[in-house]
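Dumped model-v1.pdb below, it's PDB, N, CA, C and O atoms:
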MODEL        1
ATOM      1  N   MET S   1      -6.151 -14.755   5.655
ATOM      2  CA  MET S   1      -5.859 -13.428   5.142
ATOM      3  C   MET S   1      -6.991 -12.486   5.557
ATOM      4  O   MET S   1      -8.154 -12.806   5.392
ATOM      5  N   GLN S   2      -6.638 -11.334   6.083
ATOM      6  CA  GLN S   2      -7.602 -10.335   6.547
ATOM      7  C   GLN S   2      -7.979  -9.380   5.411
ATOM      8  O   GLN S   2      -7.306  -9.318   4.388
ATOM      9  N   ILE S   3      -9.032  -8.586   5.619
ATOM     10  CA  ILE S   3      -9.527  -7.684   4.583
ATOM     11  C   ILE S   3      -8.441  -6.714   4.108
ATOM     12  O   ILE S   3      -8.333  -6.443   2.912
ATOM     13  N   ASP S   4      -7.611  -6.211   5.022
ATOM     14  CA  ASP S   4      -6.553  -5.288   4.614
ATOM     15  C   ASP S   4      -5.562  -5.957   3.667
ATOM     16  O   ASP S   4      -5.130  -5.355   2.678
ATOM     17  N   GLU S   5      -5.245  -7.201   3.934
ATOM     18  CA  GLU S   5      -4.326  -7.946   3.067
ATOM     19  C   GLU S   5      -4.977  -8.255   1.719
ATOM     20  O   GLU S   5      -4.304  -8.231   0.679
ATOM     21  N   ARG S   6      -6.287  -8.524   1.718
ATOM     22  CA  ARG S   6      -6.988  -8.814   0.468
ATOM     23  C   ARG S   6      -7.091  -7.563  -0.403
ATOM     24  O   ARG S   6      -6.967  -7.638  -1.626
ATOM     25  N   ILE S   7      -7.293  -6.405   0.225
ATOM     26  CA  ILE S   7      -7.330  -5.147  -0.534
ATOM     27  C   ILE S   7      -5.993  -4.921  -1.220
ATOM     28  O   ILE S   7      -5.932  -4.613  -2.414
ATOM     29  N   LYS S   8      -4.916  -5.077  -0.479
ATOM     30  CA  LYS S   8      -3.574  -4.880  -1.047
ATOM     31  C   LYS S   8      -3.308  -5.897  -2.153
ATOM     32  O   LYS S   8      -2.772  -5.548  -3.209
ATOM     33  N   SER S   9      -3.703  -7.125  -1.922
ATOM     34  CA  SER S   9      -3.522  -8.182  -2.914
ATOM     35  C   SER S   9      -4.265  -7.854  -4.208
ATOM     36  O   SER S   9      -3.730  -8.013  -5.314
ATOM     37  N   GLU S  10      -5.502  -7.388  -4.078
ATOM     38  CA  GLU S  10      -6.290  -7.027  -5.264
ATOM     39  C   GLU S  10      -5.685  -5.822  -5.978
ATOM     40  O   GLU S  10      -5.630  -5.781  -7.204
ATOM     41  N   ARG S  11      -5.232  -4.828  -5.228
ATOM     42  CA  ARG S  11      -4.596  -3.658  -5.852
ATOM     43  C   ARG S  11      -3.397  -4.086  -6.693
ATOM     44  O   ARG S  11      -3.250  -3.678  -7.848
ATOM     45  N   LYS S  12      -2.578  -4.936  -6.121
ATOM     46  CA  LYS S  12      -1.391  -5.406  -6.841
ATOM     47  C   LYS S  12      -1.772  -6.276  -8.030
ATOM     48  O   LYS S  12      -1.178  -6.172  -9.098
ATOM     49  N   ARG S  13      -2.779  -7.135  -7.852
ATOM     50  CA  ARG S  13      -3.224  -7.987  -8.955
ATOM     51  C   ARG S  13      -3.685  -7.147 -10.141
ATOM     52  O   ARG S  13      -3.413  -7.465 -11.301
ATOM     53  N   LEU S  14      -4.324  -6.036  -9.838
ATOM     54  CA  LEU S  14      -4.829  -5.157 -10.893
ATOM     55  C   LEU S  14      -3.752  -4.235 -11.460
ATOM     56  O   LEU S  14      -3.980  -3.573 -12.466
ATOM     57  N   GLY S  15      -2.598  -4.181 -10.805
ATOM     58  CA  GLY S  15      -1.474  -3.403 -11.324
ATOM     59  C   GLY S  15      -1.498  -1.919 -11.000
ATOM     60  O   GLY S  15      -0.903  -1.115 -11.717
ATOM     61  N   PHE S  16      -2.158  -1.538  -9.910
ATOM     62  CA  PHE S  16      -2.223  -0.131  -9.516
ATOM     63  C   PHE S  16      -1.314   0.142  -8.332
ATOM     64  O   PHE S  16      -1.137  -0.707  -7.468
ATOM     65  N   ASN S  17      -0.760   1.369  -8.309
ATOM     66  CA  ASN S  17      -0.083   1.796  -7.085
ATOM     67  C   ASN S  17      -1.151   2.394  -6.170
ATOM     68  O   ASN S  17      -2.321   2.542  -6.571
ATOM     69  N   GLN S  18      -0.796   2.751  -4.952
ATOM     70  CA  GLN S  18      -1.795   3.244  -4.003
ATOM     71  C   GLN S  18      -2.463   4.533  -4.473
ATOM     72  O   GLN S  18      -3.662   4.720  -4.272
ATOM     73  N   THR S  19      -1.702   5.411  -5.091
ATOM     74  CA  THR S  19      -2.262   6.680  -5.562
ATOM     75  C   THR S  19      -3.317   6.444  -6.630
ATOM     76  O   THR S  19      -4.412   7.014  -6.569
ATOM     77  N   GLU S  20      -3.000   5.599  -7.613
ATOM     78  CA  GLU S  20      -3.958   5.288  -8.674
ATOM     79  C   GLU S  20      -5.205   4.609  -8.111
ATOM     80  O   GLU S  20      -6.334   4.943  -8.484
ATOM     81  N   PHE S  21      -4.992   3.669  -7.218
ATOM     82  CA  PHE S  21      -6.079   2.920  -6.592
ATOM     83  C   PHE S  21      -7.008   3.879  -5.848
ATOM     84  O   PHE S  21      -8.238   3.807  -5.967
ATOM     85  N   ALA S  22      -6.417   4.796  -5.092
ATOM     86  CA  ALA S  22      -7.192   5.772  -4.334
ATOM     87  C   ALA S  22      -7.986   6.682  -5.262
ATOM     88  O   ALA S  22      -9.161   6.970  -4.999
ATOM     89  N   GLU S  23      -7.373   7.129  -6.345
ATOM     90  CA  GLU S  23      -8.072   8.016  -7.286
ATOM     91  C   GLU S  23      -9.302   7.336  -7.872
ATOM     92  O   GLU S  23     -10.358   7.961  -7.994
ATOM     93  N   ILE S  24      -9.178   6.077  -8.215
ATOM     94  CA  ILE S  24     -10.306   5.325  -8.765
ATOM     95  C   ILE S  24     -11.444   5.267  -7.747
ATOM     96  O   ILE S  24     -12.622   5.383  -8.097
ATOM     97  N   ALA S  25     -11.084   5.109  -6.475
ATOM     98  CA  ALA S  25     -12.067   4.990  -5.393
ATOM     99  C   ALA S  25     -12.540   6.351  -4.877
ATOM    100  O   ALA S  25     -13.336   6.408  -3.939
ATOM    101  N   HIS S  26     -12.045   7.445  -5.491
ATOM    102  CA  HIS S  26     -12.388   8.807  -5.053
ATOM    103  C   HIS S  26     -11.977   9.019  -3.597
ATOM    104  O   HIS S  26     -12.733   9.548  -2.782
ATOM    105  N   ALA S  27     -10.764   8.564  -3.292
ATOM    106  CA  ALA S  27     -10.206   8.675  -1.947
ATOM    107  C   ALA S  27      -8.788   9.246  -2.056
ATOM    108  O   ALA S  27      -8.266   9.420  -3.155
ATOM    109  N   THR S  28      -8.180   9.509  -0.922
ATOM    110  CA  THR S  28      -6.785   9.963  -0.913
ATOM    111  C   THR S  28      -5.858   8.751  -0.816
ATOM    112  O   THR S  28      -6.280   7.663  -0.420
ATOM    113  N   ARG S  29      -4.598   8.977  -1.153
ATOM    114  CA  ARG S  29      -3.627   7.892  -1.024
ATOM    115  C   ARG S  29      -3.515   7.460   0.431
ATOM    116  O   ARG S  29      -3.372   6.281   0.753
ATOM    117  N   GLY S  30      -3.588   8.404   1.348
ATOM    118  CA  GLY S  30      -3.536   8.084   2.776
ATOM    119  C   GLY S  30      -4.688   7.184   3.209
ATOM    120  O   GLY S  30      -4.509   6.259   3.999
ATOM    121  N   THR S  31      -5.854   7.446   2.649
ATOM    122  CA  THR S  31      -7.013   6.611   2.962
ATOM    123  C   THR S  31      -6.799   5.200   2.432
ATOM    124  O   THR S  31      -7.054   4.213   3.132
ATOM    125  N   ALA S  32      -6.299   5.086   1.205
ATOM    126  CA  ALA S  32      -6.020   3.764   0.630
ATOM    127  C   ALA S  32      -4.962   3.041   1.452
ATOM    128  O   ALA S  32      -5.047   1.830   1.664
ATOM    129  N   SER S  33      -3.974   3.789   1.931
ATOM    130  CA  SER S  33      -2.955   3.201   2.790
ATOM    131  C   SER S  33      -3.583   2.670   4.082
ATOM    132  O   SER S  33      -3.238   1.575   4.543
ATOM    133  N   ASN S  34      -4.532   3.416   4.630
ATOM    134  CA  ASN S  34      -5.229   2.968   5.840
ATOM    135  C   ASN S  34      -5.990   1.674   5.590
ATOM    136  O   ASN S  34      -6.056   0.809   6.469
ATOM    137  N   TRP S  35      -6.575   1.530   4.408
ATOM    138  CA  TRP S  35      -7.289   0.292   4.075
ATOM    139  C   TRP S  35      -6.334  -0.894   4.115
ATOM    140  O   TRP S  35      -6.696  -1.987   4.523
ATOM    141  N   GLU S  36      -5.097  -0.658   3.646
ATOM    142  CA  GLU S  36      -4.114  -1.737   3.553
ATOM    143  C   GLU S  36      -3.403  -2.027   4.871
ATOM    144  O   GLU S  36      -2.737  -3.048   4.994
ATOM    145  N   THR S  37      -3.543  -1.146   5.825
ATOM    146  CA  THR S  37      -2.929  -1.386   7.133
ATOM    147  C   THR S  37      -3.963  -1.754   8.189
ATOM    148  O   THR S  37      -3.615  -1.977   9.347
ATOM    149  N   GLY S  38      -5.220  -1.793   7.784
ATOM    150  CA  GLY S  38      -6.269  -2.207   8.701
ATOM    151  C   GLY S  38      -6.780  -1.118   9.618
ATOM    152  O   GLY S  38      -7.535  -1.394  10.540
ATOM    153  N   THR S  39      -6.385   0.132   9.373
ATOM    154  CA  THR S  39      -6.872   1.221  10.219
ATOM    155  C   THR S  39      -8.109   1.891   9.624
ATOM    156  O   THR S  39      -8.607   2.861  10.191
ATOM    157  N   GLY S  40      -8.568   1.376   8.508
ATOM    158  CA  GLY S  40      -9.783   1.875   7.871
ATOM    159  C   GLY S  40     -10.275   0.833   6.889
ATOM    160  O   GLY S  40      -9.567  -0.134   6.587
ATOM    161  N   SER S  41     -11.496   1.030   6.404
ATOM    162  CA  SER S  41     -12.073   0.113   5.418
ATOM    163  C   SER S  41     -12.798   0.918   4.355
ATOM    164  O   SER S  41     -13.417   1.945   4.668
ATOM    165  N   PRO S  42     -12.756   0.468   3.113
ATOM    166  CA  PRO S  42     -13.467   1.191   2.061
ATOM    167  C   PRO S  42     -14.977   1.081   2.258
ATOM    168  O   PRO S  42     -15.476   0.058   2.731
ATOM    169  N   ASP S  43     -15.695   2.141   1.888
ATOM    170  CA  ASP S  43     -17.154   2.078   1.965
ATOM    171  C   ASP S  43     -17.704   1.489   0.659
ATOM    172  O   ASP S  43     -16.944   1.170  -0.270
ATOM    173  N   ALA S  44     -19.014   1.345   0.605
ATOM    174  CA  ALA S  44     -19.654   0.723  -0.552
ATOM    175  C   ALA S  44     -19.393   1.505  -1.840
ATOM    176  O   ALA S  44     -19.194   0.912  -2.910
ATOM    177  N   LYS S  45     -19.371   2.837  -1.759
ATOM    178  CA  LYS S  45     -19.106   3.651  -2.958
ATOM    179  C   LYS S  45     -17.700   3.399  -3.494
ATOM    180  O   LYS S  45     -17.494   3.294  -4.704
ATOM    181  N   ALA S  46     -16.731   3.296  -2.601
ATOM    182  CA  ALA S  46     -15.354   3.037  -3.024
ATOM    183  C   ALA S  46     -15.245   1.651  -3.648
ATOM    184  O   ALA S  46     -14.616   1.474  -4.692
ATOM    185  N   LEU S  47     -15.862   0.659  -3.015
ATOM    186  CA  LEU S  47     -15.823  -0.702  -3.555
ATOM    187  C   LEU S  47     -16.501  -0.769  -4.922
ATOM    188  O   LEU S  47     -16.008  -1.441  -5.833
ATOM    189  N   ALA S  48     -17.616  -0.054  -5.083
ATOM    190  CA  ALA S  48     -18.317  -0.044  -6.367
ATOM    191  C   ALA S  48     -17.447   0.582  -7.453
ATOM    192  O   ALA S  48     -17.381   0.078  -8.580
ATOM    193  N   ALA S  49     -16.759   1.671  -7.132
ATOM    194  CA  ALA S  49     -15.875   2.320  -8.098
ATOM    195  C   ALA S  49     -14.720   1.402  -8.476
ATOM    196  O   ALA S  49     -14.335   1.310  -9.651
ATOM    197  N   LEU S  50     -14.180   0.688  -7.504
ATOM    198  CA  LEU S  50     -13.065  -0.221  -7.766
ATOM    199  C   LEU S  50     -13.521  -1.471  -8.513
ATOM    200  O   LEU S  50     -12.754  -2.044  -9.296
ATOM    201  N   ALA S  51     -14.764  -1.870  -8.325
ATOM    202  CA  ALA S  51     -15.297  -3.032  -9.049
ATOM    203  C   ALA S  51     -15.300  -2.775 -10.551
ATOM    204  O   ALA S  51     -15.093  -3.699 -11.343
ATOM    205  N   VAL S  52     -15.485  -1.528 -10.940
ATOM    206  CA  VAL S  52     -15.516  -1.168 -12.363
ATOM    207  C   VAL S  52     -14.189  -1.502 -13.050
ATOM    208  O   VAL S  52     -14.168  -1.873 -14.221
ATOM    209  N   VAL S  53     -13.090  -1.424 -12.306
ATOM    210  CA  VAL S  53     -11.775  -1.729 -12.887
ATOM    211  C   VAL S  53     -11.325  -3.153 -12.595
ATOM    212  O   VAL S  53     -10.184  -3.519 -12.858
ATOM    213  N   GLY S  54     -12.234  -3.976 -12.041
ATOM    214  CA  GLY S  54     -11.918  -5.388 -11.885
ATOM    215  C   GLY S  54     -11.714  -5.889 -10.479
ATOM    216  O   GLY S  54     -11.407  -7.070 -10.285
ATOM    217  N   LEU S  55     -11.854  -5.037  -9.460
ATOM    218  CA  LEU S  55     -11.707  -5.499  -8.083
ATOM    219  C   LEU S  55     -12.752  -6.568  -7.791
ATOM    220  O   LEU S  55     -13.928  -6.397  -8.094
ATOM    221  N   ASP S  56     -12.329  -7.663  -7.213
ATOM    222  CA  ASP S  56     -13.239  -8.737  -6.815
ATOM    223  C   ASP S  56     -13.780  -8.383  -5.430
ATOM    224  O   ASP S  56     -13.180  -8.696  -4.407
ATOM    225  N   VAL S  57     -14.923  -7.698  -5.413
ATOM    226  CA  VAL S  57     -15.503  -7.206  -4.160
ATOM    227  C   VAL S  57     -15.844  -8.352  -3.216
ATOM    228  O   VAL S  57     -15.591  -8.264  -2.012
ATOM    229  N   LEU S  58     -16.406  -9.421  -3.745
ATOM    230  CA  LEU S  58     -16.742 -10.568  -2.893
ATOM    231  C   LEU S  58     -15.494 -11.081  -2.181
ATOM    232  O   LEU S  58     -15.517 -11.359  -0.979
ATOM    233  N   TYR S  59     -14.391 -11.170  -2.903
ATOM    234  CA  TYR S  59     -13.140 -11.637  -2.311
ATOM    235  C   TYR S  59     -12.656 -10.684  -1.217
ATOM    236  O   TYR S  59     -12.267 -11.115  -0.132
ATOM    237  N   VAL S  60     -12.691  -9.386  -1.492
ATOM    238  CA  VAL S  60     -12.229  -8.417  -0.501
ATOM    239  C   VAL S  60     -13.052  -8.529   0.781
ATOM    240  O   VAL S  60     -12.503  -8.549   1.878
ATOM    241  N   VAL S  61     -14.355  -8.644   0.636
ATOM    242  CA  VAL S  61     -15.233  -8.645   1.802
ATOM    243  C   VAL S  61     -15.253  -9.981   2.542
ATOM    244  O   VAL S  61     -15.213 -10.026   3.767
ATOM    245  N   THR S  62     -15.300 -11.095   1.778
ATOM    246  CA  THR S  62     -15.493 -12.409   2.412
ATOM    247  C   THR S  62     -14.286 -13.334   2.360
ATOM    248  O   THR S  62     -14.231 -14.317   3.094
ATOM    249  N   GLY S  63     -13.373 -13.078   1.446
ATOM    250  CA  GLY S  63     -12.241 -13.991   1.267
ATOM    251  C   GLY S  63     -12.521 -15.080   0.251
ATOM    252  O   GLY S  63     -11.663 -15.918  -0.016
ATOM    253  N   GLN S  64     -13.723 -15.095  -0.328
ATOM    254  CA  GLN S  64     -14.070 -16.083  -1.355
ATOM    255  C   GLN S  64     -14.079 -15.403  -2.717
ATOM    256  O   GLN S  64     -14.707 -14.343  -2.882
ATOM    257  N   ARG S  65     -13.410 -16.007  -3.667
ATOM    258  CA  ARG S  65     -13.383 -15.459  -5.024
ATOM    259  C   ARG S  65     -14.759 -15.571  -5.662
ATOM    260  O   ARG S  65     -15.470 -16.548  -5.472
ATOM    261  N   SER S  66     -15.129 -14.563  -6.440
ATOM    262  CA  SER S  66     -16.421 -14.598  -7.121
ATOM    263  C   SER S  66     -16.366 -15.525  -8.320
ATOM    264  O   SER S  66     -17.378 -16.024  -8.768
ATOM    265  N   PHE S  67     -15.160 -15.784  -8.817
ATOM    266  CA  PHE S  67     -14.988 -16.722  -9.919
ATOM    267  C   PHE S  67     -13.736 -17.532  -9.649
ATOM    268  O   PHE S  67     -12.671 -16.973  -9.455
ATOM    269  N   VAL S  68     -13.888 -18.808  -9.644
ATOM    270  CA  VAL S  68     -12.742 -19.699  -9.473
ATOM    271  C   VAL S  68     -12.542 -20.420 -10.796
ATOM    272  O   VAL S  68     -13.414 -21.169 -11.235
ATOM    273  N   PRO S  69     -11.420 -20.163 -11.469
ATOM    274  CA  PRO S  69     -11.196 -20.826 -12.751
ATOM    275  C   PRO S  69     -11.076 -22.333 -12.567
ATOM    276  O   PRO S  69     -10.642 -22.805 -11.514
ATOM    277  N   PRO S  70     -11.483 -23.083 -13.594
ATOM    278  CA  PRO S  70     -11.346 -24.538 -13.491
ATOM    279  C   PRO S  70      -9.875 -24.927 -13.391
ATOM    280  O   PRO S  70      -9.004 -24.191 -13.848
ATOM    281  N   PRO S  71      -9.602 -26.070 -12.806
ATOM    282  CA  PRO S  71      -8.201 -26.499 -12.702
ATOM    283  C   PRO S  71      -7.600 -26.701 -14.086
ATOM    284  O   PRO S  71      -8.297 -27.098 -15.028
ATOM    285  N   LYS S  72      -6.338 -26.402 -14.193
ATOM    286  CA  LYS S  72      -5.634 -26.557 -15.462
ATOM    287  C   LYS S  72      -5.419 -28.040 -15.742
ATOM    288  O   LYS S  72      -4.972 -28.790 -14.877
ATOM    289  N   LEU S  73      -5.738 -28.436 -16.956
ATOM    290  CA  LEU S  73      -5.559 -29.837 -17.363
ATOM    291  C   LEU S  73      -4.103 -30.090 -17.735
ATOM    292  O   LEU S  73      -3.434 -29.215 -18.287
ATOM    293  N   SER S  74      -3.655 -31.287 -17.450
ATOM    294  CA  SER S  74      -2.306 -31.658 -17.876
ATOM    295  C   SER S  74      -2.356 -31.911 -19.392
ATOM    296  O   SER S  74      -3.431 -32.061 -19.981
ATOM    297  N   ALA S  75      -1.202 -31.965 -20.030
ATOM    298  CA  ALA S  75      -1.140 -32.212 -21.474
ATOM    299  C   ALA S  75      -1.803 -33.536 -21.809
ATOM    300  O   ALA S  75      -2.482 -33.674 -22.842
ATOM    301  N   GLU S  76      -1.654 -34.501 -20.947
ATOM    302  CA  GLU S  76      -2.244 -35.822 -21.146
ATOM    303  C   GLU S  76      -3.778 -35.762 -21.097
ATOM    304  O   GLU S  76      -4.459 -36.396 -21.885
ATOM    305  N   GLU S  77      -4.306 -34.967 -20.180
ATOM    306  CA  GLU S  77      -5.754 -34.847 -20.027
ATOM    307  C   GLU S  77      -6.388 -34.045 -21.150
ATOM    308  O   GLU S  77      -7.574 -34.217 -21.438
ATOM    309  N   GLU S  78      -5.642 -33.160 -21.772
ATOM    310  CA  GLU S  78      -6.175 -32.330 -22.845
ATOM    311  C   GLU S  78      -6.471 -33.126 -24.115
ATOM    312  O   GLU S  78      -7.260 -32.703 -24.924
ATOM    313  N   THR S  79      -5.828 -34.238 -24.296
ATOM    314  CA  THR S  79      -6.021 -35.013 -25.535
ATOM    315  C   THR S  79      -7.158 -35.960 -25.446
ATOM    316  O   THR S  79      -7.762 -36.259 -24.502
TER     317      THR S  79
ENDMDL
END

Represent the structure from my file as structure tokens, please.
Amino acid sequence: MQIDERIKSERKRLGFNQTEFAEIAHATRGTASNWETGTGSPDAKALAALAVVGLDVLYVVTGQRSFVPPPKLSAEEET
């Protein structure tokens, strides 16, 4: 998965449309659209603003989640 796909994935995970996402990042909807199509990339200020609402910046930049939840235990393992 490329950075543009990870940005879109994070936007959807957080429940924002492109306009809302762009407003949080102090950008235009067109700019946010460019991030998702790979014709542009968010700068550090935009990423910092989006981190405040839960964007996983490490994931967007590197593809690695900053927090990986532990595996879910089966009902048998929980007892």

Tell me, as a PDB file with N, CA, C and O atoms, in the frame of the given file, which residues lie within 6 Å of region 12-26 of chain S, counting only N, CA, C and O atoms; anything in the same chain fewer than 5 positions away does not count.
ATOM      1  N   ILE S   7      -7.293  -6.405   0.225  1.00  0.00           N
ATOM      2  CA  ILE S   7      -7.330  -5.147  -0.534  1.00  0.00           C
ATOM      3  C   ILE S   7      -5.993  -4.921  -1.220  1.00  0.00           C
ATOM      4  O   ILE S   7      -5.932  -4.613  -2.414  1.00  0.00           O
ATOM      5  N   ALA S  32      -6.299   5.086   1.205  1.00  0.00           N
ATOM      6  CA  ALA S  32      -6.020   3.764   0.630  1.00  0.00           C
ATOM      7  C   ALA S  32      -4.962   3.041   1.452  1.00  0.00           C
ATOM      8  O   ALA S  32      -5.047   1.830   1.664  1.00  0.00           O
ATOM      9  N   LYS S  45     -19.371   2.837  -1.759  1.00  0.00           N
ATOM     10  CA  LYS S  45     -19.106   3.651  -2.958  1.00  0.00           C
ATOM     11  C   LYS S  45     -17.700   3.399  -3.494  1.00  0.00           C
ATOM     12  O   LYS S  45     -17.494   3.294  -4.704  1.00  0.00           O
ATOM     13  N   ALA S  46     -16.731   3.296  -2.601  1.00  0.00           N
ATOM     14  CA  ALA S  46     -15.354   3.037  -3.024  1.00  0.00           C
ATOM     15  C   ALA S  46     -15.245   1.651  -3.648  1.00  0.00           C
ATOM     16  O   ALA S  46     -14.616   1.474  -4.692  1.00  0.00           O
ATOM     17  N   ALA S  49     -16.759   1.671  -7.132  1.00  0.00           N
ATOM     18  CA  ALA S  49     -15.875   2.320  -8.098  1.00  0.00           C
ATOM     19  C   ALA S  49     -14.720   1.402  -8.476  1.00  0.00           C
ATOM     20  O   ALA S  49     -14.335   1.310  -9.651  1.00  0.00           O
ATOM     21  N   LEU S  50     -14.180   0.688  -7.504  1.00  0.00           N
ATOM     22  CA  LEU S  50     -13.065  -0.221  -7.766  1.00  0.00           C
ATOM     23  C   LEU S  50     -13.521  -1.471  -8.513  1.00  0.00           C
ATOM     24  O   LEU S  50     -12.754  -2.044  -9.296  1.00  0.00           O
ATOM     25  N   VAL S  53     -13.090  -1.424 -12.306  1.00  0.00           N
ATOM     26  CA  VAL S  53     -11.775  -1.729 -12.887  1.00  0.00           C
ATOM     27  C   VAL S  53     -11.325  -3.153 -12.595  1.00  0.00           C
ATOM     28  O   VAL S  53     -10.184  -3.519 -12.858  1.00  0.00           O
TER      29      VAL S  53
END

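Applied to the shown file, the PyMOL selection byres ((chain S and resi 6) around 8) selects the residues Met1, Gln2, Ile3, Asp4, Glu5, Ile7, Lys8, Ser9, Glu10, Arg11, Lys12, Arg13, Trp35, Glu36, Asp56, Tyr59, Val60, Val61 and Gly63 of chain S.
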
Per DSSP on the backbone, what are the alpha helix (DSSP H) residues of chain S, as an NGL selection string?
:S and (3-14 or 18-24 or 29-37 or 44-51 or 57-62 or 75-78)

For region 11-15 of chain S, what centre and edge lengths in Å (one decimal) does the axis-aligned box get once 8 Å is added on each side of all its listed atoms, as JSON?
{"center_x": -3.1, "center_y": -4.6, "center_z": -8.8, "size_x": 20.3, "size_y": 22.9, "size_z": 23.2}

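In this structure, atom C of Phe67 (chain S) sits 14.6 Å away from CA of Ala51 (chain S).
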
In Å, rounded to a single decimal, give me how far atom C of Arg65 (chain S) is from atom C of Asn34 (chain S).
22.4 Å

Atom pair CA of Arg29 (chain S) + CA of Thr62 (chain S), distance 23.8 Å

Taking only C-alpha atoms into account, name the residue in S:Pro71, S:Ala27, S:Gln64, S:Glu76 that is nearest to Ser41 (chain S).
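Closest residue, counting only C-alpha atoms: S:Ala27.
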
Written coordinates, all heavy atoms of region 12-18 of chain S as a compact mmCIF listing (two decimals), in the first residue's frame:
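Generated file (selection33.txt):
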# COMPACT_ATOMS: atom_id res chain seq x y z
N LYS S 12 -10.83 7.48 6.04
CA LYS S 12 -12.05 6.68 6.16
C LYS S 12 -12.16 6.05 7.54
O LYS S 12 -13.24 6.00 8.13
CB LYS S 12 -12.10 5.61 5.07
CG LYS S 12 -12.38 6.20 3.71
CD LYS S 12 -12.50 5.13 2.65
CE LYS S 12 -12.96 5.71 1.34
NZ LYS S 12 -13.29 4.66 0.37
N ARG S 13 -11.03 5.56 8.07
CA ARG S 13 -11.05 4.96 9.41
C ARG S 13 -11.53 5.97 10.45
O ARG S 13 -12.28 5.64 11.37
CB ARG S 13 -9.65 4.45 9.79
CG ARG S 13 -9.57 3.80 11.17
CD ARG S 13 -8.15 3.41 11.54
NE ARG S 13 -7.26 4.53 11.74
CZ ARG S 13 -7.18 5.24 12.87
NH1 ARG S 13 -7.95 4.96 13.90
NH2 ARG S 13 -6.32 6.24 12.96
N LEU S 14 -11.13 7.21 10.27
CA LEU S 14 -11.51 8.26 11.21
C LEU S 14 -12.92 8.80 10.96
O LEU S 14 -13.44 9.55 11.78
CB LEU S 14 -10.49 9.40 11.16
CG LEU S 14 -9.09 9.03 11.65
CD1 LEU S 14 -8.09 10.13 11.29
CD2 LEU S 14 -9.09 8.73 13.13
N GLY S 15 -13.51 8.44 9.83
CA GLY S 15 -14.89 8.82 9.55
C GLY S 15 -15.08 10.21 8.96
O GLY S 15 -16.15 10.81 9.10
N PHE S 16 -14.06 10.73 8.28
CA PHE S 16 -14.16 12.06 7.68
C PHE S 16 -14.33 11.96 6.17
O PHE S 16 -13.79 11.05 5.54
CB PHE S 16 -12.88 12.88 7.95
CG PHE S 16 -12.65 13.19 9.39
CD1 PHE S 16 -11.56 12.63 10.06
CD2 PHE S 16 -13.50 14.03 10.09
CE1 PHE S 16 -11.33 12.92 11.39
CE2 PHE S 16 -13.28 14.32 11.42
CZ PHE S 16 -12.20 13.77 12.08
N ASN S 17 -15.08 12.93 5.61
CA ASN S 17 -15.07 13.04 4.15
C ASN S 17 -13.88 13.91 3.78
O ASN S 17 -13.19 14.46 4.66
CB ASN S 17 -16.41 13.60 3.63
CG ASN S 17 -16.72 15.00 4.11
OD1 ASN S 17 -15.83 15.86 4.23
ND2 ASN S 17 -17.99 15.27 4.41
N GLN S 18 -13.60 14.07 2.50
CA GLN S 18 -12.42 14.82 2.08
C GLN S 18 -12.46 16.28 2.52
O GLN S 18 -11.43 16.84 2.90
CB GLN S 18 -12.23 14.75 0.56
CG GLN S 18 -11.58 13.49 0.09
CD GLN S 18 -11.29 13.52 -1.41
OE1 GLN S 18 -11.85 14.30 -2.16
NE2 GLN S 18 -10.41 12.63 -1.83
